[in-house]
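Peer 1: So that you have it, the file is final-v4.txt, and it contains compact mmCIF, N, CA and C atoms:
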# COMPACT_ATOMS: atom_id res chain seq x y z
N MET A 1 0.85 -1.17 0.00
CA MET A 1 0.00 0.00 0.00
C MET A 1 0.90 1.23 0.00
N GLY A 2 0.57 2.19 -0.86
CA GLY A 2 1.37 3.40 -0.97
C GLY A 2 1.04 4.38 0.13
N GLY A 3 1.76 5.49 0.10
CA GLY A 3 1.53 6.54 1.07
C GLY A 3 0.29 7.35 0.72
N VAL A 4 -0.03 8.25 1.59
CA VAL A 4 -1.18 9.13 1.40
C VAL A 4 -0.84 10.19 0.36
N THR A 5 -1.73 10.39 -0.57
CA THR A 5 -1.53 11.44 -1.57
C THR A 5 -2.62 12.50 -1.43
N THR A 6 -2.35 13.64 -2.04
CA THR A 6 -3.35 14.71 -2.04
C THR A 6 -4.63 14.24 -2.70
N SER A 7 -4.50 13.44 -3.75
CA SER A 7 -5.69 12.96 -4.45
C SER A 7 -6.51 12.02 -3.57
N ASP A 8 -5.85 11.21 -2.71
CA ASP A 8 -6.58 10.35 -1.78
C ASP A 8 -7.43 11.20 -0.84
N ALA A 9 -6.82 12.23 -0.28
CA ALA A 9 -7.54 13.10 0.65
C ALA A 9 -8.66 13.85 -0.06
N ALA A 10 -8.38 14.34 -1.26
CA ALA A 10 -9.40 15.07 -2.02
C ALA A 10 -10.56 14.15 -2.39
N GLU A 11 -10.25 12.94 -2.77
CA GLU A 11 -11.31 11.98 -3.11
C GLU A 11 -12.14 11.65 -1.87
N GLY A 12 -11.49 11.48 -0.73
CA GLY A 12 -12.22 11.23 0.51
C GLY A 12 -13.13 12.38 0.87
N ALA A 13 -12.64 13.61 0.72
CA ALA A 13 -13.46 14.79 1.01
C ALA A 13 -14.64 14.89 0.06
N ALA A 14 -14.41 14.61 -1.21
CA ALA A 14 -15.52 14.65 -2.19
C ALA A 14 -16.55 13.58 -1.88
N ARG A 15 -16.08 12.40 -1.52
CA ARG A 15 -17.03 11.33 -1.15
C ARG A 15 -17.81 11.71 0.11
N ALA A 16 -17.14 12.36 1.05
CA ALA A 16 -17.82 12.78 2.28
C ALA A 16 -18.93 13.76 1.95
N ASP A 17 -18.65 14.73 1.08
CA ASP A 17 -19.68 15.69 0.69
C ASP A 17 -20.86 14.99 0.02
N GLU A 18 -20.55 14.07 -0.89
CA GLU A 18 -21.62 13.34 -1.60
C GLU A 18 -22.42 12.48 -0.63
N PHE A 19 -21.73 11.78 0.27
CA PHE A 19 -22.40 10.94 1.26
C PHE A 19 -23.35 11.77 2.13
N LEU A 20 -22.88 12.92 2.58
CA LEU A 20 -23.73 13.78 3.42
C LEU A 20 -24.94 14.30 2.65
N ARG A 21 -24.74 14.64 1.39
CA ARG A 21 -25.86 15.10 0.56
C ARG A 21 -26.92 14.01 0.44
N LEU A 22 -26.48 12.79 0.17
CA LEU A 22 -27.41 11.67 0.03
C LEU A 22 -28.08 11.35 1.37
N LEU A 23 -27.30 11.34 2.43
CA LEU A 23 -27.82 11.02 3.76
C LEU A 23 -28.86 12.05 4.18
N ASP A 24 -28.56 13.32 3.95
CA ASP A 24 -29.48 14.40 4.32
C ASP A 24 -30.79 14.29 3.55
N ALA A 25 -30.73 13.83 2.32
CA ALA A 25 -31.93 13.69 1.48
C ALA A 25 -32.69 12.40 1.79
N GLY A 26 -32.13 11.55 2.66
CA GLY A 26 -32.77 10.27 2.95
C GLY A 26 -32.70 9.31 1.77
N ASP A 27 -31.73 9.53 0.91
CA ASP A 27 -31.57 8.75 -0.31
C ASP A 27 -30.90 7.42 0.01
N PRO A 28 -31.51 6.29 -0.40
CA PRO A 28 -30.88 4.99 -0.17
C PRO A 28 -29.52 4.85 -0.86
N ALA A 29 -29.23 5.74 -1.78
CA ALA A 29 -27.92 5.70 -2.45
C ALA A 29 -26.79 5.97 -1.46
N ALA A 30 -27.09 6.55 -0.29
CA ALA A 30 -26.05 6.74 0.73
C ALA A 30 -25.50 5.39 1.16
N ASP A 31 -26.38 4.43 1.37
CA ASP A 31 -25.93 3.09 1.74
C ASP A 31 -25.22 2.41 0.57
N ASP A 32 -25.69 2.68 -0.64
CA ASP A 32 -25.04 2.12 -1.82
C ASP A 32 -23.61 2.66 -1.95
N LEU A 33 -23.44 3.95 -1.65
CA LEU A 33 -22.11 4.55 -1.70
C LEU A 33 -21.18 3.82 -0.73
N LEU A 34 -21.66 3.59 0.49
CA LEU A 34 -20.84 2.88 1.48
C LEU A 34 -20.54 1.45 1.03
N ALA A 35 -21.55 0.77 0.50
CA ALA A 35 -21.37 -0.61 0.06
C ALA A 35 -20.39 -0.70 -1.11
N GLY A 36 -20.32 0.36 -1.92
CA GLY A 36 -19.41 0.36 -3.06
C GLY A 36 -17.96 0.57 -2.69
N LEU A 37 -17.70 0.98 -1.48
CA LEU A 37 -16.32 1.15 -1.01
C LEU A 37 -15.90 -0.17 -0.38
N THR A 38 -14.99 -0.85 -1.03
CA THR A 38 -14.68 -2.22 -0.62
C THR A 38 -13.38 -2.36 0.16
N THR A 39 -12.53 -1.33 0.12
CA THR A 39 -11.26 -1.46 0.85
C THR A 39 -11.30 -0.60 2.11
N VAL A 40 -10.56 -1.05 3.09
CA VAL A 40 -10.44 -0.28 4.33
C VAL A 40 -9.90 1.11 4.01
N ARG A 41 -8.97 1.21 3.08
CA ARG A 41 -8.38 2.50 2.71
C ARG A 41 -9.44 3.48 2.22
N GLU A 42 -10.32 3.03 1.31
CA GLU A 42 -11.38 3.90 0.80
C GLU A 42 -12.31 4.36 1.92
N LEU A 43 -12.65 3.43 2.79
CA LEU A 43 -13.55 3.75 3.91
C LEU A 43 -12.90 4.75 4.86
N VAL A 44 -11.63 4.56 5.14
CA VAL A 44 -10.93 5.44 6.08
C VAL A 44 -10.79 6.86 5.51
N PHE A 45 -10.54 6.98 4.20
CA PHE A 45 -10.44 8.32 3.63
C PHE A 45 -11.79 9.03 3.62
N LEU A 46 -12.87 8.31 3.40
CA LEU A 46 -14.20 8.91 3.54
C LEU A 46 -14.39 9.37 4.98
N GLY A 47 -13.99 8.54 5.93
CA GLY A 47 -14.10 8.90 7.34
C GLY A 47 -13.28 10.11 7.71
N ALA A 48 -12.10 10.24 7.12
CA ALA A 48 -11.28 11.42 7.39
C ALA A 48 -11.99 12.67 6.89
N GLY A 49 -12.63 12.57 5.74
CA GLY A 49 -13.40 13.70 5.22
C GLY A 49 -14.55 14.07 6.14
N LEU A 50 -15.28 13.06 6.62
CA LEU A 50 -16.39 13.32 7.54
C LEU A 50 -15.90 13.91 8.86
N THR A 51 -14.78 13.41 9.35
CA THR A 51 -14.24 13.92 10.61
C THR A 51 -13.84 15.39 10.47
N ALA A 52 -13.22 15.73 9.37
CA ALA A 52 -12.84 17.14 9.15
C ALA A 52 -14.08 18.04 9.12
N ILE A 53 -15.11 17.58 8.45
CA ILE A 53 -16.35 18.37 8.38
C ILE A 53 -16.97 18.49 9.77
N ALA A 54 -17.02 17.39 10.51
CA ALA A 54 -17.62 17.40 11.85
C ALA A 54 -16.86 18.35 12.78
N ARG A 55 -15.56 18.35 12.70
CA ARG A 55 -14.77 19.25 13.57
C ARG A 55 -15.01 20.71 13.22
N THR A 56 -15.10 20.99 11.93
CA THR A 56 -15.39 22.35 11.49
C THR A 56 -16.77 22.78 11.97
N GLU A 57 -17.75 21.92 11.78
CA GLU A 57 -19.12 22.23 12.21
C GLU A 57 -19.18 22.39 13.73
N GLY A 58 -18.48 21.52 14.46
CA GLY A 58 -18.48 21.57 15.92
C GLY A 58 -17.89 22.86 16.47
N ARG A 59 -16.86 23.36 15.81
CA ARG A 59 -16.23 24.61 16.27
C ARG A 59 -17.17 25.81 16.13
N ARG A 60 -18.19 25.69 15.33
CA ARG A 60 -19.12 26.80 15.11
C ARG A 60 -20.26 26.82 16.13
N LEU A 61 -20.28 25.84 17.02
CA LEU A 61 -21.35 25.75 18.01
C LEU A 61 -21.04 26.57 19.25
N PRO A 62 -22.09 26.90 20.02
CA PRO A 62 -21.86 27.53 21.33
C PRO A 62 -21.04 26.59 22.22
N PRO A 63 -20.36 27.13 23.22
CA PRO A 63 -19.42 26.33 24.03
C PRO A 63 -19.95 25.02 24.60
N ALA A 64 -21.12 25.02 25.20
CA ALA A 64 -21.63 23.78 25.80
C ALA A 64 -21.89 22.72 24.73
N GLN A 65 -22.47 23.12 23.62
CA GLN A 65 -22.73 22.17 22.54
C GLN A 65 -21.43 21.71 21.88
N ARG A 66 -20.46 22.60 21.80
CA ARG A 66 -19.14 22.24 21.25
C ARG A 66 -18.50 21.16 22.10
N SER A 67 -18.59 21.30 23.41
CA SER A 67 -18.02 20.30 24.32
C SER A 67 -18.71 18.95 24.14
N GLN A 68 -20.02 18.97 24.02
CA GLN A 68 -20.76 17.72 23.80
C GLN A 68 -20.38 17.09 22.46
N ALA A 69 -20.20 17.92 21.44
CA ALA A 69 -19.81 17.42 20.13
C ALA A 69 -18.43 16.77 20.19
N SER A 70 -17.52 17.36 20.95
CA SER A 70 -16.18 16.78 21.10
C SER A 70 -16.24 15.41 21.75
N THR A 71 -17.10 15.27 22.74
CA THR A 71 -17.27 13.98 23.41
C THR A 71 -17.82 12.94 22.44
N ARG A 72 -18.79 13.34 21.63
CA ARG A 72 -19.34 12.41 20.64
C ARG A 72 -18.27 12.02 19.61
N GLN A 73 -17.39 12.96 19.24
CA GLN A 73 -16.30 12.64 18.31
C GLN A 73 -15.35 11.61 18.93
N LEU A 74 -15.10 11.73 20.22
CA LEU A 74 -14.25 10.74 20.89
C LEU A 74 -14.89 9.36 20.82
N HIS A 75 -16.20 9.29 21.05
CA HIS A 75 -16.90 8.00 20.99
C HIS A 75 -16.89 7.43 19.58
N LEU A 76 -17.05 8.30 18.59
CA LEU A 76 -16.96 7.84 17.20
C LEU A 76 -15.55 7.32 16.90
N GLY A 77 -14.55 7.96 17.44
CA GLY A 77 -13.18 7.50 17.27
C GLY A 77 -12.96 6.12 17.87
N GLN A 78 -13.59 5.87 19.01
CA GLN A 78 -13.49 4.54 19.63
C GLN A 78 -14.17 3.49 18.76
N LEU A 79 -15.32 3.83 18.17
CA LEU A 79 -16.01 2.91 17.27
C LEU A 79 -15.12 2.62 16.06
N ARG A 80 -14.51 3.66 15.50
CA ARG A 80 -13.60 3.49 14.36
C ARG A 80 -12.45 2.57 14.74
N ASP A 81 -11.84 2.83 15.88
CA ASP A 81 -10.69 2.04 16.30
C ASP A 81 -11.06 0.57 16.51
N ALA A 82 -12.24 0.32 17.05
CA ALA A 82 -12.69 -1.05 17.29
C ALA A 82 -12.95 -1.79 15.98
N SER A 83 -13.19 -1.04 14.91
CA SER A 83 -13.52 -1.63 13.61
C SER A 83 -12.39 -1.48 12.60
N ARG A 84 -11.23 -1.18 13.06
CA ARG A 84 -10.10 -0.79 12.19
C ARG A 84 -9.89 -1.69 10.97
N THR A 85 -10.08 -2.99 11.10
CA THR A 85 -9.83 -3.89 9.97
C THR A 85 -11.11 -4.55 9.45
N ASP A 86 -12.26 -4.09 9.91
CA ASP A 86 -13.54 -4.69 9.54
C ASP A 86 -14.35 -3.72 8.68
N PRO A 87 -14.40 -3.95 7.37
CA PRO A 87 -15.13 -3.01 6.50
C PRO A 87 -16.58 -2.78 6.92
N GLU A 88 -17.27 -3.80 7.36
CA GLU A 88 -18.67 -3.61 7.76
C GLU A 88 -18.77 -2.74 9.01
N GLY A 89 -17.86 -2.96 9.95
CA GLY A 89 -17.81 -2.11 11.14
C GLY A 89 -17.47 -0.67 10.79
N LEU A 90 -16.58 -0.49 9.82
CA LEU A 90 -16.23 0.86 9.38
C LEU A 90 -17.42 1.54 8.70
N ARG A 91 -18.23 0.77 7.98
CA ARG A 91 -19.43 1.35 7.37
C ARG A 91 -20.41 1.84 8.44
N THR A 92 -20.52 1.09 9.53
CA THR A 92 -21.37 1.53 10.65
C THR A 92 -20.82 2.83 11.22
N TRP A 93 -19.52 2.90 11.42
CA TRP A 93 -18.88 4.13 11.90
C TRP A 93 -19.16 5.29 10.96
N LEU A 94 -19.03 5.06 9.67
CA LEU A 94 -19.24 6.13 8.69
C LEU A 94 -20.68 6.63 8.71
N ARG A 95 -21.63 5.71 8.82
CA ARG A 95 -23.02 6.14 8.87
C ARG A 95 -23.26 7.00 10.11
N ARG A 96 -22.75 6.56 11.24
CA ARG A 96 -22.91 7.34 12.47
C ARG A 96 -22.19 8.68 12.40
N ALA A 97 -21.01 8.68 11.77
CA ALA A 97 -20.27 9.93 11.61
C ALA A 97 -21.04 10.90 10.71
N GLY A 98 -21.64 10.38 9.66
CA GLY A 98 -22.46 11.22 8.79
C GLY A 98 -23.67 11.77 9.51
N GLU A 99 -24.33 10.92 10.29
CA GLU A 99 -25.49 11.37 11.07
C GLU A 99 -25.08 12.45 12.07
N GLU A 100 -23.88 12.31 12.62
CA GLU A 100 -23.38 13.32 13.57
C GLU A 100 -23.19 14.66 12.86
N VAL A 101 -22.64 14.66 11.67
CA VAL A 101 -22.47 15.92 10.93
C VAL A 101 -23.84 16.58 10.69
N LEU A 102 -24.81 15.79 10.28
CA LEU A 102 -26.15 16.36 10.05
C LEU A 102 -26.74 16.90 11.34
N PHE A 103 -26.50 16.21 12.45
CA PHE A 103 -26.97 16.69 13.75
C PHE A 103 -26.30 18.00 14.13
N LEU A 104 -24.99 18.09 13.91
CA LEU A 104 -24.26 19.33 14.21
C LEU A 104 -24.80 20.49 13.38
N ARG A 105 -25.10 20.22 12.13
CA ARG A 105 -25.64 21.28 11.27
C ARG A 105 -27.02 21.72 11.76
N ALA A 106 -27.82 20.78 12.23
CA ALA A 106 -29.14 21.13 12.78
C ALA A 106 -29.00 21.94 14.05
N LEU A 107 -28.05 21.58 14.91
CA LEU A 107 -27.81 22.35 16.13
C LEU A 107 -27.39 23.77 15.79
N ARG A 108 -26.51 23.89 14.81
CA ARG A 108 -26.03 25.23 14.42
C ARG A 108 -27.19 26.07 13.88
N ALA A 109 -28.03 25.46 13.06
CA ALA A 109 -29.18 26.19 12.50
C ALA A 109 -30.12 26.64 13.61
N ALA A 110 -30.34 25.78 14.61
CA ALA A 110 -31.21 26.14 15.74
C ALA A 110 -30.58 27.27 16.55
N ALA A 111 -29.27 27.20 16.76
CA ALA A 111 -28.58 28.26 17.52
C ALA A 111 -28.66 29.59 16.75
N ASP A 112 -28.52 29.53 15.44
CA ASP A 112 -28.61 30.74 14.62
C ASP A 112 -30.02 31.34 14.69
N ARG A 113 -31.03 30.48 14.64
CA ARG A 113 -32.42 30.98 14.74
C ARG A 113 -32.69 31.62 16.10
N ALA A 114 -32.16 31.00 17.15
CA ALA A 114 -32.38 31.54 18.51
C ALA A 114 -31.68 32.87 18.70
N ALA A 115 -30.52 33.02 18.07
CA ALA A 115 -29.76 34.26 18.21
C ALA A 115 -30.29 35.37 17.31
N GLY A 116 -30.95 34.96 16.24
CA GLY A 116 -31.30 35.94 15.23
C GLY A 116 -32.60 36.57 15.32
Take the structure in the file and give it back as structure tokens.
Peer 2:
Amino acid sequence: MGGVTTSDAAEGAARADEFLRLLDAGDPAADDLLAGLTTVRELVFLGAGLTAIARTEGRRLPPAQRSQASTRQLHLGQLRDASRTDPEGLRTWLRRAGEEVLFLRALRAAADRAAG
């Protein structure tokens, strides 16, 4: 297996955006996208993209919600670590990570409405 390239990271980020779009729309193609990723490497790069998005979204939250989001990220990391070599376990982690991003976005939207 080769080293990490910029294209690997970019592809993971693009897949993360697509996965979130499908997941947010309730499109069954979100599960198809996960099922189509057959290597641990592909799954992990998608996860890295989701993690980057979640951290960015979490930093935009009010302090108490940001702290809770950080704790949830730690739990997701534990799930990822427990599934490190199991593609099906990694797919479960990815689905939960995607759901977390959507939850963070909903929290941010609610905070914006309350402030505005």
Peer 1: Please list, as a ChimeraX atom specification, the residues that have an atom at most 12 Å away from (-27.4, 11.9, 0.4) in the coordinates of this file, counting only C-alpha atoms.
Peer 2: /A:15-34,95,98-99,102
Peer 1: Within 7 Å of region 79-92 of chain A, which residues of region 10-73 of chain A show up? Give each one with its shortest atom-to-atom distance in Å (one decimal) and the two atoms involved, counting all atoms listed in the file, rows by chain then rising residue number, as a Markdown table.
Peer 2:
| residue | atom | partner | partner_atom | distance |
| --- | --- | --- | --- | --- |
| A:Leu34 | CA | A:Arg91 | CA | 6.2 |
| A:Thr38 | C | A:Pro87 | CA | 6.6 |
| A:Thr39 | C | A:Pro87 | CA | 6.3 |
| A:Val40 | CA | A:Pro87 | CA | 5.8 |
| A:Leu43 | CA | A:Leu90 | C | 6.5 |
Peer 1: For the residues in the current selection, export N, CA and C atoms as a PDB file, keeping the file's coordinate frame.
Peer 2:
ATOM      1  N   LEU A  34     -21.660   3.590   0.490  1.00  0.00           N
ATOM      2  CA  LEU A  34     -20.840   2.880   1.480  1.00  0.00           C
ATOM      3  C   LEU A  34     -20.540   1.450   1.030  1.00  0.00           C
ATOM      4  N   THR A  38     -14.990  -0.850  -1.030  1.00  0.00           N
ATOM      5  CA  THR A  38     -14.680  -2.220  -0.620  1.00  0.00           C
ATOM      6  C   THR A  38     -13.380  -2.360   0.160  1.00  0.00           C
ATOM      7  N   THR A  39     -12.530  -1.330   0.120  1.00  0.00           N
ATOM      8  CA  THR A  39     -11.260  -1.460   0.850  1.00  0.00           C
ATOM      9  C   THR A  39     -11.300  -0.600   2.110  1.00  0.00           C
ATOM     10  N   VAL A  40     -10.560  -1.050   3.090  1.00  0.00           N
ATOM     11  CA  VAL A  40     -10.440  -0.280   4.330  1.00  0.00           C
ATOM     12  C   VAL A  40      -9.900   1.110   4.010  1.00  0.00           C
ATOM     13  N   LEU A  43     -12.650   3.430   2.790  1.00  0.00           N
ATOM     14  CA  LEU A  43     -13.550   3.750   3.910  1.00  0.00           C
ATOM     15  C   LEU A  43     -12.900   4.750   4.860  1.00  0.00           C
TER      16      LEU A  43
END
Peer 1: Quick one: distance from CA of Arg55 (chain A) to atom N of Phe103 (chain A) in Å, one decimal?
Peer 2: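 Taking CA of Arg55 (chain A) as the start and atom N of Phe103 (chain A) as the end point, the length is 12.2 Å.
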Peer 1: Can you tell me which residues surround region 108-112 of chain A at a distance of at most 8 Å, considering all atoms listed in the file, apart from same-chain residues fewer than 3 positions away, and format the answer as a PyMOL selection string?
Peer 2: chain A and resi 57+60-62+102-105+115-116
Peer 1: Could you check how far atom N of Glu42 (chain A) sits from atom N of Trp93 (chain A), in Å to one decimal?
Peer 2: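 For atom N of Glu42 (chain A) relative to atom N of Trp93 (chain A), the distance reads 13.7 Å.
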Peer 1: What does the distance between CA of Ala97 (chain A) and atom C of Gly58 (chain A) come to in Å, to one decimal place?
Peer 2: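 Straight-line distance from CA of Ala97 (chain A) to atom C of Gly58 (chain A) works out to 14.0 Å.
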Peer 1: Apply DSSP to the structure's backbone, then extract all residues of region 2-115 of chain A labelled alpha helix (DSSP H) and return them as number ranges by chain.
Peer 2: A: 6-24, 29-36, 40-59, 63-82, 87-115
